[in-house]
Amino acid sequence: MVTRPLISVVDDDESVRESLPDLLRELGFAAQAFSSAEEFLASDLLGQTRCLVVDLSMPGMSGPELQQELTRRRLKIPVVFITAHGDDAVRPRLLEGGAVECLFKPFSEAALLDALNAALRVR
Amino acid sequence: MNMEAQPEQPPLDIDERRRAEEALAASERNLKLIIDTIPALAWSTGPDGSADFFNQHYLDYVGLSAEQVAGWGWTVALHPDDRDGLAAKWQRNMAAGEPGEAEARLRRYDGEYRWFLFRTNPLRDELGNIVKWYGTNTDIDDRKRAEAQRDRTIEELQGQQELLHLAQKSARAMAFDWYLQQEVNAWSPEQEALYGLPPGSFDGTYQGWKKLIYPPDWPLLLKAIKHAHETGEVAVEFRVQWPDGSVHWLATNGRMFFDGRGKPYRMVGFTSDVTPRKLAEEELRRSEALLAEARSELAHVSRVATLGALTASIAHEVNQPLSGIITNASTCLRMLAADPPNVEGARETARRTIRDGHRASDVIRRLRVLFGKKGAPAELVDLNEATREVIALSQSELRKGRVILRDELADDLPPVAGDRVQLQQVILNLLLNASEAMSGVDARPRQLVIKTERDEAERVRLSVRDAGVGFDPQYAERLFDAFYTTKDGGMGIGLSVSRSIIESHHGRLWAAPNDGPGATFSFSIPRSHGAAPDSPGDGLIPAPALTGEERVEGGS
């Protein structure tokens, strides 16, 4: 049996941590949720994570800062940002910065799947 | 007496001679009586001016004997100051041989000096030589005193005129006295200069004056004239147009006098050129208008900025549960579509969907509470609950500013009476300010502590402590000025609005620098003892003195 690719979800919003991993599992992925960037960095799942779904703005380390930190550690994990700030202006900047996608909450299952497929293709 | 007839009489007998002698003696007595009684001091001197006779009245008056005054002895009664002057005049008079007069003070028997007019006439013999001088002294003291009084009055008037002139010069105001019906120019050259007229060119007529007035101000003057007719008081500021076309401000204060038929005939007063003051006032008004404009512009910008920040915050708060709803609903569908269907999982995700739906509707409800009410009656407000709602609404703003918020809300906090929405606006403002104060801080955590506690004297205190840039303690009060701000992008309006809200709750709002970095903003308001929101004593909380528009501002 093929191992399911691990998708790590980092979001300070509890309802996202609760709902998104369930959906990801229904979609056929393995999923793990973290409440902060620091928690994720401290975990032993960095190496196994095939794609990171991370909230843009969080207390403490923000999404883009986590992305920078991963680059600094030479960990090439594709990043999909999610944000509840419907600010179109940030998206191009994030994509330029190497993000696979930036999804505005609430996003559809289809949009999520597209982003994840793109992320896994990158790998 | 018929003495002229005597030579034509036949030789007189003894009786007749005796009768004639008696008549002569009687005549001489009579003459002496006249001389001694006339209300004048009479005297005579020899040709050299040395006195040889004084009438009794003279002697009585000066209180000296005939021997004492004989020759030049009489001069002892002269006022020492007048002695030389009179002597010189007397010498000149004698030299000229003309009748003469002079004035000098004579000492009365009681020591009082009074002014006398000395008059003298020469008596000449057949050859024209002066053989005697006859003279009288007349008391002119009353006249002299009156003259002196008049001189003093004139002097005083001149002094007053000089003072007036000085006052006019220093006040740059010109007095005028205008006889309205006479149509003569009683204006001084200075008064004319105020109207830009060359000296003496004003014709003194009402029509002539009207022509000098700057036409747009004429109605104003008509009003002032009407007022003067009613009250006699003249007080008006108006503009005049000089012949060269320039316009100047004059201020006139004065009084109008009326004749028996109530017709004004005379106006006195002061007119001064107040152009510099008027220009300064106008300048002030202009800058005030500009300030008001800037103020409303700033208020607008601030409101828009706040609404912008709030909109983003609201969008975030709504999008979060919506995201949960959609994700959960998707999961739910997938679980149901599985073979076999994961009914238990589907139920769980459906429950979460409902919960998130409630969460979204809560956000909307809070927004309605925050912006929907106006002029609400005082109600019992649980500051903890109010604070939690504000925190929930500003969560995303704080997150965006990477602020780590900690709340320390007291468990046993008594309620306060007030307008919940207004108090929440203050809390929101303090939170956003604190967040902004830390926006440039990277060397330490952007820690924000919001705390509620019981304060002394039956009060409740809420404080917001940041780790931001802080402020200079000497400007602690200025923070609450409408336009004071230490923030580049800040408008500074929020704090002054917040303070007026807290003060309308009988509380106070203040700022204090922290021991460490940052500042703490606190407000303290009396706790409520009311059992129910509508309990007596909890009246309407007056809206702070703001326009409805300004009240929308939460923070800046």
# chains A, B, ... in the order shown; residues from 1 in each chain; ligands from 1
>>> select_by_dssp(residues="stretch 4-84 of chain A", states="strand (DSSP E or B)", output="list in words")
Leu6, Ile7, Ser8, Val9, Val10, Ala30, Ala31, Gln32, Ala33, Phe34, Thr49, Arg50, Cys51, Leu52, Val53, Val54, Asp55, Val79, Val80, Phe81, Ile82 and Thr83 of chain A
>>> select_by_dssp(residues="stretch 83-227 of chain B", states="alpha helix (DSSP H)", output="PyMOL selection string")
chain B and resi 83-96+141-171+189-194+206-210+218-227
>>> interface_residues(of="chain A", to="chain B", cutoff="9 Å", atoms="only C-alpha atoms", output="JSON, numbers by chain")
{"A": [13, 15, 16, 18, 19, 20, 22, 23, 24, 25, 26, 27, 56, 57, 58, 59, 60, 61, 62, 83, 84, 85, 86, 87, 104, 105, 106, 107, 108, 109]}
>>> write_last_selection(atoms="C-alpha atoms", output="tab-separated table (two decimals), in the first residue's frame")
chain	number	residue	atom	x	y	z
A	13	ASP	CA	-7.71	29.07	14.29
A	15	SER	CA	-11.90	25.33	13.67
A	16	VAL	CA	-9.44	25.09	10.78
A	18	GLU	CA	-10.29	20.65	13.46
A	19	SER	CA	-11.97	20.58	10.06
A	20	LEU	CA	-9.20	20.77	7.48
A	22	ASP	CA	-10.55	15.64	8.31
A	23	LEU	CA	-11.24	16.85	4.81
A	24	LEU	CA	-7.67	16.17	3.77
A	25	ARG	CA	-8.00	12.62	5.02
A	26	GLU	CA	-11.26	12.23	3.10
A	27	LEU	CA	-9.37	13.45	0.06
A	56	LEU	CA	-0.73	33.81	6.58
A	57	SER	CA	-0.99	35.76	9.83
A	58	MET	CA	-0.55	34.20	13.22
A	59	PRO	CA	0.63	35.47	16.58
A	60	GLY	CA	4.35	34.93	16.86
A	61	MET	CA	5.87	33.65	13.64
A	62	SER	CA	3.78	34.39	10.57
A	83	THR	CA	-5.87	33.52	4.77
A	84	ALA	CA	-9.10	35.04	5.98
A	85	HIS	CA	-7.92	38.50	4.87
A	86	GLY	CA	-9.46	38.84	1.47
A	87	ASP	CA	-6.64	41.02	0.24
A	104	PHE	CA	-8.71	32.93	0.55
A	105	LYS	CA	-10.94	31.56	3.26
A	106	PRO	CA	-13.50	30.28	2.74
A	107	PHE	CA	-12.08	28.18	-0.07
A	108	SER	CA	-13.78	25.32	-1.91
A	109	GLU	CA	-12.75	21.71	-1.83
>>> residues_around(residues="B:Val381", least_positions_apart="3", cutoff="12 Å", atoms="only C-alpha atoms", output="PyMOL selection string")
chain B and resi 377-378+384-387+413-424+460+505+525-533+538
>>> closest_residue(among="A:Gln68, A:Ser36, A:Thr49, A:Thr3", to="A:Ala119", atoms="only C-alpha atoms")
A:Thr49
>>> atom_distance(atom1="atom CA of B:Ala77", atom2="atom CA of B:Leu106")
5.5 Å
>>> closest_residue(among="A:Ala33, A:Leu46, A:Ala89, A:Cys51", to="A:Asn117", atoms="only C-alpha atoms")
A:Cys51
>>> residues_around(residues="stretch 27-35 of chain B", least_positions_apart="2", cutoff="12 Å", atoms="only C-alpha atoms", output="PyMOL selection string")
chain B and resi 1-3+19-25+37-44+53-58+134-136
>>> write_last_selection(atoms="N, CA and C atoms", output="tab-separated table (two decimals), in the first residue's frame")
chain	number	residue	atom	x	y	z
B	1	MET	N	-23.51	176.08	49.06
B	1	MET	CA	-22.42	177.07	49.14
B	1	MET	C	-22.43	177.95	47.90
B	2	ASN	N	-22.12	179.18	48.17
B	2	ASN	CA	-22.08	180.11	47.06
B	2	ASN	C	-20.83	180.94	47.16
B	3	MET	N	-19.69	180.32	47.14
B	3	MET	CA	-18.44	181.04	47.37
B	3	MET	C	-18.05	181.92	46.20
B	19	ARG	N	-19.02	184.53	59.48
B	19	ARG	CA	-19.91	183.54	58.86
B	19	ARG	C	-19.23	182.90	57.64
B	20	ALA	N	-18.49	183.81	56.92
B	20	ALA	CA	-17.78	183.29	55.75
B	20	ALA	C	-16.70	182.31	56.16
B	21	GLU	N	-15.98	182.71	57.21
B	21	GLU	CA	-14.92	181.80	57.69
B	21	GLU	C	-15.51	180.47	58.16
B	22	GLU	N	-16.62	180.60	58.85
B	22	GLU	CA	-17.27	179.38	59.34
B	22	GLU	C	-17.72	178.51	58.17
B	23	ALA	N	-18.24	179.22	57.16
B	23	ALA	CA	-18.71	178.46	55.98
B	23	ALA	C	-17.54	177.75	55.31
B	24	LEU	N	-16.41	178.51	55.22
B	24	LEU	CA	-15.22	177.92	54.61
B	24	LEU	C	-14.74	176.71	55.40
B	25	ALA	N	-14.69	176.90	56.73
B	25	ALA	CA	-14.26	175.78	57.58
B	25	ALA	C	-15.19	174.59	57.40
B	37	THR	N	-13.86	159.47	53.52
B	37	THR	CA	-14.94	158.48	53.51
B	37	THR	C	-15.07	157.73	52.18
B	38	ILE	N	-14.61	158.36	51.10
B	38	ILE	CA	-14.79	157.66	49.81
B	38	ILE	C	-14.17	156.26	49.88
B	39	PRO	N	-14.81	155.31	49.23
B	39	PRO	CA	-14.35	153.93	49.34
B	39	PRO	C	-13.10	153.70	48.50
B	40	ALA	N	-12.12	154.59	48.68
B	40	ALA	CA	-10.86	154.42	47.98
B	40	ALA	C	-9.77	154.94	48.89
B	41	LEU	N	-8.60	154.44	48.65
B	41	LEU	CA	-7.46	154.94	49.41
B	41	LEU	C	-6.91	156.12	48.62
B	42	ALA	N	-6.94	157.31	49.20
B	42	ALA	CA	-6.52	158.51	48.47
B	42	ALA	C	-5.23	159.04	49.06
B	43	TRP	N	-4.42	159.61	48.17
B	43	TRP	CA	-3.14	160.11	48.64
B	43	TRP	C	-2.61	161.18	47.70
B	44	SER	N	-1.57	161.88	48.19
B	44	SER	CA	-0.89	162.82	47.30
B	44	SER	C	0.58	162.81	47.64
B	53	PHE	N	0.45	163.10	51.84
B	53	PHE	CA	-0.90	162.99	52.39
B	53	PHE	C	-1.48	161.59	52.13
B	54	PHE	N	-2.17	161.07	53.14
B	54	PHE	CA	-2.96	159.82	53.00
B	54	PHE	C	-4.30	160.05	53.65
B	55	ASN	N	-5.34	159.64	53.02
B	55	ASN	CA	-6.64	159.84	53.68
B	55	ASN	C	-6.80	158.83	54.82
B	56	GLN	N	-7.80	159.11	55.63
B	56	GLN	CA	-7.97	158.30	56.84
B	56	GLN	C	-8.24	156.83	56.48
B	57	HIS	N	-8.99	156.69	55.43
B	57	HIS	CA	-9.32	155.34	54.97
B	57	HIS	C	-8.05	154.54	54.68
B	58	TYR	N	-7.09	155.25	54.05
B	58	TYR	CA	-5.80	154.62	53.73
B	58	TYR	C	-5.11	154.18	55.02
B	134	TYR	N	-1.68	163.39	42.63
B	134	TYR	CA	-2.82	162.89	43.40
B	134	TYR	C	-3.14	161.46	42.92
B	135	GLY	N	-3.46	160.70	43.91
B	135	GLY	CA	-3.75	159.33	43.48
B	135	GLY	C	-4.78	158.61	44.34
B	136	THR	N	-5.33	157.53	43.79
B	136	THR	CA	-6.22	156.65	44.57
B	136	THR	C	-5.79	155.19	44.33
>>> atom_distance(atom1="atom CA of B:His79", atom2="atom CA of B:Leu64")
15.2 Å
>>> residues_around(residues="stretch 465-476 of chain B", least_positions_apart="2", cutoff="12 Å", atoms="only C-alpha atoms", output="PyMOL selection string")
chain B and resi 401+403-408+427+430-452+462-463+478-481+484-487+495+509-523
>>> residues_around(residues="stretch 266-270 of chain B", least_positions_apart="2", cutoff="8 Å", atoms="only C-alpha atoms", output="ChimeraX atom specification")
/B:173-181,252-258,264,272
>>> write_last_selection(atoms="N, CA and C atoms", output="compact mmCIF listing (two decimals), in the first residue's frame")
# COMPACT_ATOMS: atom_id res chain seq x y z
N ALA B 173 -6.40 107.25 18.59
CA ALA B 173 -7.82 107.52 18.44
C ALA B 173 -7.99 109.03 18.38
N MET B 174 -8.89 109.47 17.58
CA MET B 174 -9.09 110.89 17.43
C MET B 174 -10.44 111.27 17.98
N ALA B 175 -10.42 112.33 18.81
CA ALA B 175 -11.69 112.80 19.35
C ALA B 175 -12.38 113.63 18.28
N PHE B 176 -13.69 113.58 18.27
CA PHE B 176 -14.41 114.46 17.36
C PHE B 176 -15.61 115.05 18.07
N ASP B 177 -16.00 116.20 17.60
CA ASP B 177 -17.16 116.89 18.15
C ASP B 177 -17.86 117.45 16.93
N TRP B 178 -18.99 116.86 16.63
CA TRP B 178 -19.60 117.14 15.34
C TRP B 178 -21.00 117.71 15.58
N TYR B 179 -21.18 118.97 15.21
CA TYR B 179 -22.51 119.57 15.28
C TYR B 179 -23.22 119.23 13.99
N LEU B 180 -24.12 118.27 14.10
CA LEU B 180 -24.64 117.63 12.89
C LEU B 180 -25.39 118.60 11.98
N GLN B 181 -26.12 119.57 12.57
CA GLN B 181 -26.97 120.42 11.73
C GLN B 181 -26.19 121.59 11.12
N THR B 252 -15.55 103.58 16.10
CA THR B 252 -16.03 104.82 16.70
C THR B 252 -16.82 104.49 17.95
N ASN B 253 -16.48 105.20 19.02
CA ASN B 253 -17.24 105.10 20.26
C ASN B 253 -17.57 106.51 20.70
N GLY B 254 -18.82 106.74 20.99
CA GLY B 254 -19.16 108.10 21.37
C GLY B 254 -20.58 108.22 21.85
N ARG B 255 -21.04 109.45 21.86
CA ARG B 255 -22.36 109.73 22.40
C ARG B 255 -23.05 110.75 21.50
N MET B 256 -24.35 110.58 21.35
CA MET B 256 -25.13 111.49 20.52
C MET B 256 -26.01 112.31 21.44
N PHE B 257 -26.08 113.59 21.15
CA PHE B 257 -26.93 114.48 21.95
C PHE B 257 -28.12 114.93 21.11
N PHE B 258 -29.25 115.09 21.82
CA PHE B 258 -30.48 115.41 21.10
C PHE B 258 -31.02 116.75 21.56
N PRO B 264 -31.12 114.68 16.77
CA PRO B 264 -29.71 114.72 17.14
C PRO B 264 -29.05 115.97 16.58
N SER B 272 -10.90 105.55 16.02
CA SER B 272 -9.53 105.09 15.86
C SER B 272 -9.43 104.14 14.67
>>> residues_around(residues="A:Arg93", least_positions_apart="5", cutoff="12 Å", atoms="only C-alpha atoms", output="mmCIF file with N, CA and C atoms, in the first residue's frame")
data_model
loop_
_atom_site.group_PDB
_atom_site.id
_atom_site.type_symbol
_atom_site.label_atom_id
_atom_site.label_comp_id
_atom_site.auth_asym_id
_atom_site.auth_seq_id
_atom_site.Cartn_x
_atom_site.Cartn_y
_atom_site.Cartn_z
ATOM 1 N N PRO A 64 4.650 33.577 6.121
ATOM 2 C CA PRO A 64 5.826 33.828 5.295
ATOM 3 C C PRO A 64 7.139 33.670 6.067
ATOM 4 N N PHE A 81 -0.530 28.918 1.130
ATOM 5 C CA PHE A 81 -1.014 29.829 2.175
ATOM 6 C C PHE A 81 -2.522 29.852 2.181
ATOM 7 N N ASP A 87 -7.404 39.962 0.874
ATOM 8 C CA ASP A 87 -6.636 41.021 0.242
ATOM 9 C C ASP A 87 -5.917 40.484 -0.997
ATOM 10 N N ASP A 88 -6.466 40.846 -2.173
ATOM 11 C CA ASP A 88 -5.909 40.330 -3.429
ATOM 12 C C ASP A 88 -4.468 40.778 -3.659
ATOM 13 N N GLY A 98 7.573 32.233 -3.909
ATOM 14 C CA GLY A 98 7.768 30.790 -3.970
ATOM 15 C C GLY A 98 6.597 29.973 -3.484
ATOM 16 N N ALA A 99 5.507 30.599 -3.108
ATOM 17 C CA ALA A 99 4.344 29.841 -2.648
ATOM 18 C C ALA A 99 3.666 29.181 -3.841
ATOM 19 N N VAL A 100 3.087 28.014 -3.602
ATOM 20 C CA VAL A 100 2.371 27.316 -4.670
ATOM 21 C C VAL A 100 1.037 27.995 -4.928
ATOM 22 N N GLU A 101 0.397 28.382 -3.856
ATOM 23 C CA GLU A 101 -0.924 28.995 -3.993
ATOM 24 C C GLU A 101 -1.245 29.789 -2.727
ATOM 25 N N CYS A 102 -2.173 30.713 -2.889
ATOM 26 C CA CYS A 102 -2.702 31.414 -1.714
ATOM 27 C C CYS A 102 -4.212 31.332 -1.802
#
